[in-house]
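Asks: This is the structure, below, for whatever I ask next.
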Amino acid sequence: MPIDAQVAFAIFPGPWGPIHVAAHATPGGAALVALELMTPTDVFIAFLGRRLHASPIPASGATAAVRALLGRARDELDEYLDGRRQVFELPLDLVGLSAWDRLVLDGVREIPYGEVTSYGRLARRIGRPGAARAVGGAVGRNPVGIVVPCHRVIAGDGTLGGYGGDWFGTHEALLAIKRALLEREGVTLSGTTFVG
């Protein structure tokens, strides 16, 4: 579904390399539409173009509201990565996603800081028992990683499962990021207690 608003992106330094973030103008100001780790800029821009049917521009050319939101996203990410923030307060727009993906990601957003759930438990939590594999697919398509905390969804046996969907990097590098994000939240996988 195309959007009728300007889409702009910014690139911030992160502990694993550049963090790409995108937002678009809304009637009320602006909303975050994407956040990816380890993705080359040209690939990130192409992804936004396909998903949003828009031509993203650098943040410097965006409206004041979009620039302000991208700056706020950087601040909240820095606070989270420094251990000073547990909840993101950024307005999100999951435009371009299927109803299923939105349902799953809304469930992911309810997983509290410092806690984990499994794909199967998340499926039950959203009223779709038996859909663990489909939940995993939706979690892997999360376009707003970290902010929608897909790193808090792990395999039912207490192992990490996957991380990053189409993000670039090796499987091992992506799992190392997932493990590091969980460790920042005080989660250790040995003796994990699931929520949901």
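Residue numbers start at 1 in each chain; chains themselves are named A, B, ... in the order of the structure tokens; ligands are numbered from 1 in the order shown.
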Could you give me, as number ranges by chain, each residue of chain A that DSSP assigns to helix (DSSP H, G or I) when run on this structure's backbone?

Replies: A: 41-52, 59-61, 64-81, 99-109, 119-125, 132-140, 150-152, 171-184

Asks: I want to know what sits within 8 Å of stretch 142-156 of chain A, based on only C-alpha atoms, with residues of the same chain fewer than 3 positions away left out; could you give that as an mmCIF file with N, CA and C atoms, in the first residue's frame?

Replies:
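Contents of the output file selection14.cif:
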data_model
loop_
_atom_site.group_PDB
_atom_site.id
_atom_site.type_symbol
_atom_site.label_atom_id
_atom_site.label_comp_id
_atom_site.auth_asym_id
_atom_site.auth_seq_id
_atom_site.Cartn_x
_atom_site.Cartn_y
_atom_site.Cartn_z
ATOM 1 N N LEU A 32 7.817 6.278 13.012
ATOM 2 C CA LEU A 32 8.921 5.413 12.619
ATOM 3 C C LEU A 32 8.373 4.267 11.777
ATOM 4 N N VAL A 33 9.031 3.951 10.651
ATOM 5 C CA VAL A 33 8.572 2.864 9.786
ATOM 6 C C VAL A 33 9.595 1.748 9.629
ATOM 7 N N ALA A 34 10.861 1.996 9.964
ATOM 8 C CA ALA A 34 11.875 0.958 9.786
ATOM 9 C C ALA A 34 13.087 1.235 10.655
ATOM 10 N N LEU A 35 13.725 0.137 11.081
ATOM 11 C CA LEU A 35 15.001 0.185 11.789
ATOM 12 C C LEU A 35 15.699 -1.133 11.517
ATOM 13 N N GLU A 36 16.891 -1.068 10.966
ATOM 14 C CA GLU A 36 17.634 -2.279 10.641
ATOM 15 C C GLU A 36 19.085 -2.142 11.047
ATOM 16 N N LEU A 37 19.663 -3.268 11.419
ATOM 17 C CA LEU A 37 21.072 -3.370 11.758
ATOM 18 C C LEU A 37 21.790 -4.114 10.634
ATOM 19 N N PHE A 88 10.464 1.904 24.633
ATOM 20 C CA PHE A 88 10.521 2.908 23.571
ATOM 21 C C PHE A 88 9.179 3.630 23.504
ATOM 22 N N LEU A 94 3.310 0.528 11.029
ATOM 23 C CA LEU A 94 3.689 -0.729 10.372
ATOM 24 C C LEU A 94 3.051 -0.823 8.988
ATOM 25 N N ASP A 101 1.187 -10.103 10.073
ATOM 26 C CA ASP A 101 2.435 -9.570 10.624
ATOM 27 C C ASP A 101 2.148 -8.530 11.701
ATOM 28 N N LEU A 105 3.402 -8.766 15.518
ATOM 29 C CA LEU A 105 4.282 -7.727 16.051
ATOM 30 C C LEU A 105 3.627 -6.958 17.190
ATOM 31 N N VAL A 108 4.430 -9.064 20.041
ATOM 32 C CA VAL A 108 5.836 -8.910 20.409
ATOM 33 C C VAL A 108 6.022 -7.643 21.244
ATOM 34 N N ARG A 109 5.329 -6.586 20.880
ATOM 35 C CA ARG A 109 5.460 -5.309 21.604
ATOM 36 C C ARG A 109 5.020 -5.424 23.057
ATOM 37 N N ILE A 111 5.802 -7.913 25.077
ATOM 38 C CA ILE A 111 6.768 -8.670 25.879
ATOM 39 C C ILE A 111 7.596 -7.662 26.675
ATOM 40 N N GLU A 115 12.366 -9.890 29.700
ATOM 41 C CA GLU A 115 11.653 -11.162 29.690
ATOM 42 C C GLU A 115 11.639 -11.707 28.267
ATOM 43 N N VAL A 116 11.401 -13.008 28.154
ATOM 44 C CA VAL A 116 11.341 -13.642 26.839
ATOM 45 C C VAL A 116 10.106 -14.534 26.756
ATOM 46 N N THR A 117 9.734 -14.826 25.528
ATOM 47 C CA THR A 117 8.702 -15.817 25.269
ATOM 48 C C THR A 117 9.156 -16.653 24.079
ATOM 49 N N SER A 118 8.467 -17.744 23.858
ATOM 50 C CA SER A 118 8.801 -18.598 22.718
ATOM 51 C C SER A 118 7.845 -18.296 21.569
ATOM 52 N N TYR A 119 8.197 -18.770 20.387
ATOM 53 C CA TYR A 119 7.329 -18.591 19.219
ATOM 54 C C TYR A 119 5.971 -19.238 19.469
ATOM 55 N N GLY A 120 5.973 -20.430 20.050
ATOM 56 C CA GLY A 120 4.718 -21.129 20.333
ATOM 57 C C GLY A 120 3.876 -20.407 21.366
ATOM 58 N N LEU A 122 3.975 -17.231 22.011
ATOM 59 C CA LEU A 122 3.479 -16.010 21.377
ATOM 60 C C LEU A 122 2.276 -16.329 20.491
ATOM 61 N N ALA A 138 6.735 -14.089 10.769
ATOM 62 C CA ALA A 138 6.350 -12.687 10.980
ATOM 63 C C ALA A 138 7.382 -11.963 11.828
ATOM 64 N N VAL A 139 7.884 -12.641 12.854
ATOM 65 C CA VAL A 139 8.912 -12.035 13.702
ATOM 66 C C VAL A 139 10.153 -11.737 12.859
ATOM 67 N N THR A 159 16.755 -22.030 23.475
ATOM 68 C CA THR A 159 17.871 -21.541 22.669
ATOM 69 C C THR A 159 17.435 -20.277 21.943
ATOM 70 N N LEU A 160 18.378 -19.606 21.317
ATOM 71 C CA LEU A 160 18.089 -18.312 20.700
ATOM 72 C C LEU A 160 17.088 -18.369 19.553
ATOM 73 N N GLY A 161 17.070 -19.444 18.778
ATOM 74 C CA GLY A 161 16.235 -19.453 17.578
ATOM 75 C C GLY A 161 16.954 -18.684 16.486
ATOM 76 N N GLY A 162 16.278 -17.778 15.823
ATOM 77 C CA GLY A 162 16.891 -16.961 14.778
ATOM 78 C C GLY A 162 16.851 -15.500 15.157
ATOM 79 N N TYR A 163 17.438 -14.675 14.280
ATOM 80 C CA TYR A 163 17.374 -13.229 14.494
ATOM 81 C C TYR A 163 17.722 -12.508 13.220
ATOM 82 N N GLY A 164 16.957 -11.484 12.928
ATOM 83 C CA GLY A 164 17.327 -10.571 11.874
ATOM 84 C C GLY A 164 16.625 -10.729 10.549
ATOM 85 N N GLY A 165 15.888 -11.778 10.331
ATOM 86 C CA GLY A 165 15.172 -11.901 9.064
ATOM 87 C C GLY A 165 16.108 -11.725 7.885
ATOM 88 N N LYS A 178 21.534 -10.751 18.979
ATOM 89 C CA LYS A 178 20.356 -11.124 19.776
ATOM 90 C C LYS A 178 20.777 -11.445 21.207
ATOM 91 N N LEU A 181 21.693 -8.219 23.017
ATOM 92 C CA LEU A 181 20.515 -7.431 23.397
ATOM 93 C C LEU A 181 19.841 -8.031 24.629
ATOM 94 N N LEU A 182 19.717 -9.348 24.660
ATOM 95 C CA LEU A 182 19.110 -9.996 25.820
ATOM 96 C C LEU A 182 19.974 -9.800 27.066
#

Asks: Find the residue from A:Ala22, A:Leu174, A:Leu189, A:Ala134 that sits nearest to A:Val66; use only C-alpha atoms when measuring.

Replies: A:Ala22

Asks: Tell me, as a PyMOL selection string, which residues lie within 10 Å of stretch 55-64 of chain A, counting only C-alpha atoms; anything in the same chain fewer than 6 positions away does not count.

Replies: chain A and resi 6-11+21-25+29-30+44-49+70-71

Asks: To one decimal place in Å, what is the distance between atom CA of A:Arg85 and atom CA of A:Arg124?

Replies: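 About the pair atom CA of A:Arg85 and atom CA of A:Arg124: they are 28.4 Å apart.
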
Asks: Restricting the calculation to only C-alpha atoms: of A:Ala31, A:Arg184, A:Ala54, A:Arg128, which residue gets closest to A:Arg67?

Replies: A:Ala31

Asks: If you run DSSP over the backbone, which residues in chain A end up strand (DSSP E or B)? Put them as a JSON list (two decimals) with N, CA, C and O atoms, in the first residue's frame.

Replies:
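Saved file out-v5.json follows:
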[["chain", "number", "residue", "atom", "x", "y", "z"],
["A", 7, "VAL", "N", 9.10, 9.96, 3.08],
["A", 7, "VAL", "CA", 9.84, 8.98, 3.88],
["A", 7, "VAL", "C", 11.30, 9.41, 3.90],
["A", 7, "VAL", "O", 11.88, 9.68, 2.85],
["A", 8, "ALA", "N", 11.85, 9.50, 5.08],
["A", 8, "ALA", "CA", 13.24, 9.91, 5.20],
["A", 8, "ALA", "C", 13.99, 8.92, 6.08],
["A", 8, "ALA", "O", 13.39, 8.25, 6.92],
["A", 9, "PHE", "N", 15.29, 8.84, 5.86],
["A", 9, "PHE", "CA", 16.10, 7.90, 6.63],
["A", 9, "PHE", "C", 17.32, 8.59, 7.22],
["A", 9, "PHE", "O", 17.76, 9.64, 6.73],
["A", 10, "ALA", "N", 17.83, 7.98, 8.28],
["A", 10, "ALA", "CA", 19.06, 8.45, 8.91],
["A", 10, "ALA", "C", 19.89, 7.22, 9.26],
["A", 10, "ALA", "O", 19.36, 6.11, 9.38],
["A", 11, "ILE", "N", 21.17, 7.44, 9.41],
["A", 11, "ILE", "CA", 22.09, 6.36, 9.77],
["A", 11, "ILE", "C", 22.82, 6.78, 11.03],
["A", 11, "ILE", "O", 23.42, 7.85, 11.09],
["A", 12, "PHE", "N", 22.74, 5.92, 12.06],
["A", 12, "PHE", "CA", 23.38, 6.20, 13.34],
["A", 12, "PHE", "C", 24.44, 5.15, 13.62],
["A", 12, "PHE", "O", 24.27, 3.99, 13.25],
["A", 15, "PRO", "N", 26.67, -0.33, 18.14],
["A", 15, "PRO", "CA", 27.74, -1.23, 18.59],
["A", 15, "PRO", "C", 28.10, -2.32, 17.59],
["A", 15, "PRO", "O", 29.17, -2.91, 17.69],
["A", 17, "GLY", "N", 27.79, -1.76, 14.12],
["A", 17, "GLY", "CA", 27.85, -1.10, 12.83],
["A", 17, "GLY", "C", 26.68, -0.15, 12.69],
["A", 17, "GLY", "O", 25.94, 0.09, 13.65],
["A", 19, "ILE", "N", 23.23, 1.74, 12.20],
["A", 19, "ILE", "CA", 21.81, 1.47, 12.42],
["A", 19, "ILE", "C", 21.05, 2.39, 11.46],
["A", 19, "ILE", "O", 21.20, 3.61, 11.51],
["A", 20, "HIS", "N", 20.26, 1.78, 10.58],
["A", 20, "HIS", "CA", 19.45, 2.54, 9.63],
["A", 20, "HIS", "C", 18.03, 2.70, 10.19],
["A", 20, "HIS", "O", 17.43, 1.71, 10.61],
["A", 21, "VAL", "N", 17.55, 3.93, 10.18],
["A", 21, "VAL", "CA", 16.23, 4.23, 10.72],
["A", 21, "VAL", "C", 15.48, 5.08, 9.69],
["A", 21, "VAL", "O", 16.07, 5.95, 9.05],
["A", 22, "ALA", "N", 14.17, 4.82, 9.54],
["A", 22, "ALA", "CA", 13.36, 5.61, 8.61],
["A", 22, "ALA", "C", 12.05, 5.99, 9.28],
["A", 22, "ALA", "O", 11.51, 5.26, 10.11],
["A", 23, "ALA", "N", 11.55, 7.16, 8.89],
["A", 23, "ALA", "CA", 10.27, 7.66, 9.40],
["A", 23, "ALA", "C", 9.55, 8.36, 8.26],
["A", 23, "ALA", "O", 10.15, 8.72, 7.24],
["A", 24, "HIS", "N", 8.24, 8.54, 8.45],
["A", 24, "HIS", "CA", 7.49, 9.30, 7.46],
["A", 24, "HIS", "C", 6.55, 10.27, 8.16],
["A", 24, "HIS", "O", 6.22, 10.11, 9.34],
["A", 25, "ALA", "N", 6.16, 11.28, 7.41],
["A", 25, "ALA", "CA", 5.24, 12.29, 7.94],
["A", 25, "ALA", "C", 3.85, 11.69, 8.09],
["A", 25, "ALA", "O", 3.44, 10.84, 7.29],
["A", 26, "THR", "N", 3.16, 12.09, 9.14],
["A", 26, "THR", "CA", 1.78, 11.66, 9.38],
["A", 26, "THR", "C", 0.94, 12.91, 9.67],
["A", 26, "THR", "O", 1.52, 13.98, 9.93],
["A", 29, "GLY", "N", 2.17, 14.34, 12.83],
["A", 29, "GLY", "CA", 3.60, 14.66, 12.96],
["A", 29, "GLY", "C", 4.47, 13.71, 12.17],
["A", 29, "GLY", "O", 4.79, 13.95, 11.01],
["A", 30, "ALA", "N", 4.86, 12.57, 12.78],
["A", 30, "ALA", "CA", 5.73, 11.61, 12.11],
["A", 30, "ALA", "C", 5.65, 10.28, 12.84],
["A", 30, "ALA", "O", 5.26, 10.21, 14.01],
["A", 31, "ALA", "N", 6.02, 9.20, 12.13],
["A", 31, "ALA", "CA", 6.04, 7.86, 12.72],
["A", 31, "ALA", "C", 7.23, 7.09, 12.17],
["A", 31, "ALA", "O", 7.59, 7.24, 10.99],
["A", 32, "LEU", "N", 7.82, 6.28, 13.01],
["A", 32, "LEU", "CA", 8.92, 5.41, 12.62],
["A", 32, "LEU", "C", 8.37, 4.27, 11.78],
["A", 32, "LEU", "O", 7.36, 3.67, 12.13],
["A", 33, "VAL", "N", 9.03, 3.95, 10.65],
["A", 33, "VAL", "CA", 8.57, 2.86, 9.79],
["A", 33, "VAL", "C", 9.60, 1.75, 9.63],
["A", 33, "VAL", "O", 9.24, 0.65, 9.20],
["A", 34, "ALA", "N", 10.86, 2.00, 9.96],
["A", 34, "ALA", "CA", 11.88, 0.96, 9.79],
["A", 34, "ALA", "C", 13.09, 1.24, 10.66],
["A", 34, "ALA", "O", 13.43, 2.39, 10.92],
["A", 35, "LEU", "N", 13.73, 0.14, 11.08],
["A", 35, "LEU", "CA", 15.00, 0.19, 11.79],
["A", 35, "LEU", "C", 15.70, -1.13, 11.52],
["A", 35, "LEU", "O", 15.13, -2.20, 11.76],
["A", 36, "GLU", "N", 16.89, -1.07, 10.97],
["A", 36, "GLU", "CA", 17.63, -2.28, 10.64],
["A", 36, "GLU", "C", 19.09, -2.14, 11.05],
["A", 36, "GLU", "O", 19.67, -1.06, 10.98],
["A", 37, "LEU", "N", 19.66, -3.27, 11.42],
["A", 37, "LEU", "CA", 21.07, -3.37, 11.76],
["A", 37, "LEU", "C", 21.79, -4.11, 10.63],
["A", 37, "LEU", "O", 21.20, -4.99, 10.00],
["A", 57, "ILE", "N", 14.31, 9.75, 1.20],
["A", 57, "ILE", "CA", 15.30, 10.82, 1.09],
["A", 57, "ILE", "C", 16.11, 10.87, 2.38],
["A", 57, "ILE", "O", 15.66, 10.41, 3.42],
["A", 58, "PRO", "N", 17.31, 11.44, 2.32],
["A", 58, "PRO", "CA", 18.09, 11.60, 3.56],
["A", 58, "PRO", "C", 17.36, 12.53, 4.53],
["A", 58, "PRO", "O", 16.61, 13.43, 4.12],
["A", 92, "LEU", "N", 4.97, 4.45, 15.98],
["A", 92, "LEU", "CA", 5.30, 3.51, 14.91],
["A", 92, "LEU", "C", 4.17, 3.44, 13.90],
["A", 92, "LEU", "O", 3.00, 3.61, 14.24],
["A", 116, "VAL", "N", 11.40, -13.01, 28.15],
["A", 116, "VAL", "CA", 11.34, -13.64, 26.84],
["A", 116, "VAL", "C", 10.11, -14.53, 26.76],
["A", 116, "VAL", "O", 9.54, -14.93, 27.77],
["A", 117, "THR", "N", 9.73, -14.83, 25.53],
["A", 117, "THR", "CA", 8.70, -15.82, 25.27],
["A", 117, "THR", "C", 9.16, -16.65, 24.08],
["A", 117, "THR", "O", 10.11, -16.30, 23.39],
["A", 118, "SER", "N", 8.47, -17.74, 23.86],
["A", 118, "SER", "CA", 8.80, -18.60, 22.72],
["A", 118, "SER", "C", 7.85, -18.30, 21.57],
["A", 118, "SER", "O", 6.79, -17.67, 21.76],
["A", 144, "VAL", "N", 11.05, -3.09, 12.26],
["A", 144, "VAL", "CA", 11.43, -2.10, 13.27],
["A", 144, "VAL", "C", 12.11, -2.82, 14.44],
["A", 144, "VAL", "O", 11.66, -2.76, 15.58],
["A", 145, "GLY", "N", 13.19, -3.54, 14.11],
["A", 145, "GLY", "CA", 13.90, -4.29, 15.11],
["A", 145, "GLY", "C", 14.31, -3.43, 16.29],
["A", 145, "GLY", "O", 14.44, -2.21, 16.19],
["A", 148, "VAL", "N", 10.47, -2.80, 18.21],
["A", 148, "VAL", "CA", 9.54, -3.93, 18.37],
["A", 148, "VAL", "C", 10.47, -5.08, 18.71],
["A", 148, "VAL", "O", 11.18, -5.60, 17.85],
["A", 153, "VAL", "N", 11.92, -12.98, 21.56],
["A", 153, "VAL", "CA", 11.24, -14.22, 21.17],
["A", 153, "VAL", "C", 12.32, -15.24, 20.84],
["A", 153, "VAL", "O", 13.14, -15.02, 19.95],
["A", 154, "ILE", "N", 12.30, -16.35, 21.58],
["A", 154, "ILE", "CA", 13.33, -17.38, 21.41],
["A", 154, "ILE", "C", 12.66, -18.72, 21.16],
["A", 154, "ILE", "O", 11.44, -18.85, 21.23],
["A", 194, "PHE", "N", 9.71, -18.33, 30.62],
["A", 194, "PHE", "CA", 8.96, -17.67, 29.56],
["A", 194, "PHE", "C", 7.78, -16.89, 30.11],
["A", 194, "PHE", "O", 7.18, -17.30, 31.09]]

Asks: Would you mind listing what lies within 9 Å of A:Val87 as a tab-separated table (two decimals) with N, CA and C atoms, in the first residue's frame, with only C-alpha atoms counted and same-chain residues fewer than 4 positions away left out?

Replies:
chain	number	residue	atom	x	y	z
A	76	GLU	N	16.61	7.68	21.93
A	76	GLU	CA	16.03	6.53	22.63
A	76	GLU	C	16.87	5.26	22.41
A	80	TYR	N	18.62	3.14	25.32
A	80	TYR	CA	18.40	1.71	25.46
A	80	TYR	C	19.74	0.96	25.47
A	112	PRO	N	7.54	-7.74	27.99
A	112	PRO	CA	8.25	-6.75	28.81
A	112	PRO	C	9.77	-6.84	28.69
A	113	TYR	N	10.40	-5.73	28.96
A	113	TYR	CA	11.85	-5.64	29.03
A	113	TYR	C	12.38	-6.69	30.01
A	147	VAL	N	13.07	-1.76	18.53
A	147	VAL	CA	11.91	-1.01	19.02
A	147	VAL	C	10.72	-1.95	19.19

Asks: Please compute the atom CA of A:Val104-atom CA of A:Ala68 distance, one decimal, in Å.

Replies: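 Interatomic distance, atom CA of A:Val104 to atom CA of A:Ala68: 28.5 Å.
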
Asks: Go ahead and compute the interatomic distance for atom CA of A:Arg179 and atom CA of A:Glu110, in Å to one decimal.

Replies: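 Answer for the atom CA of A:Arg179 to atom CA of A:Glu110 separation: 19.6 Å.
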
Asks: Quick one: of A:Leu69, A:Asp42, A:Arg74, A:Glu172, who's nearest to A:Pro13, counting only C-alpha atoms?

Replies: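 Of the candidates, the smallest distance to A:Pro13 is held by A:Arg74.
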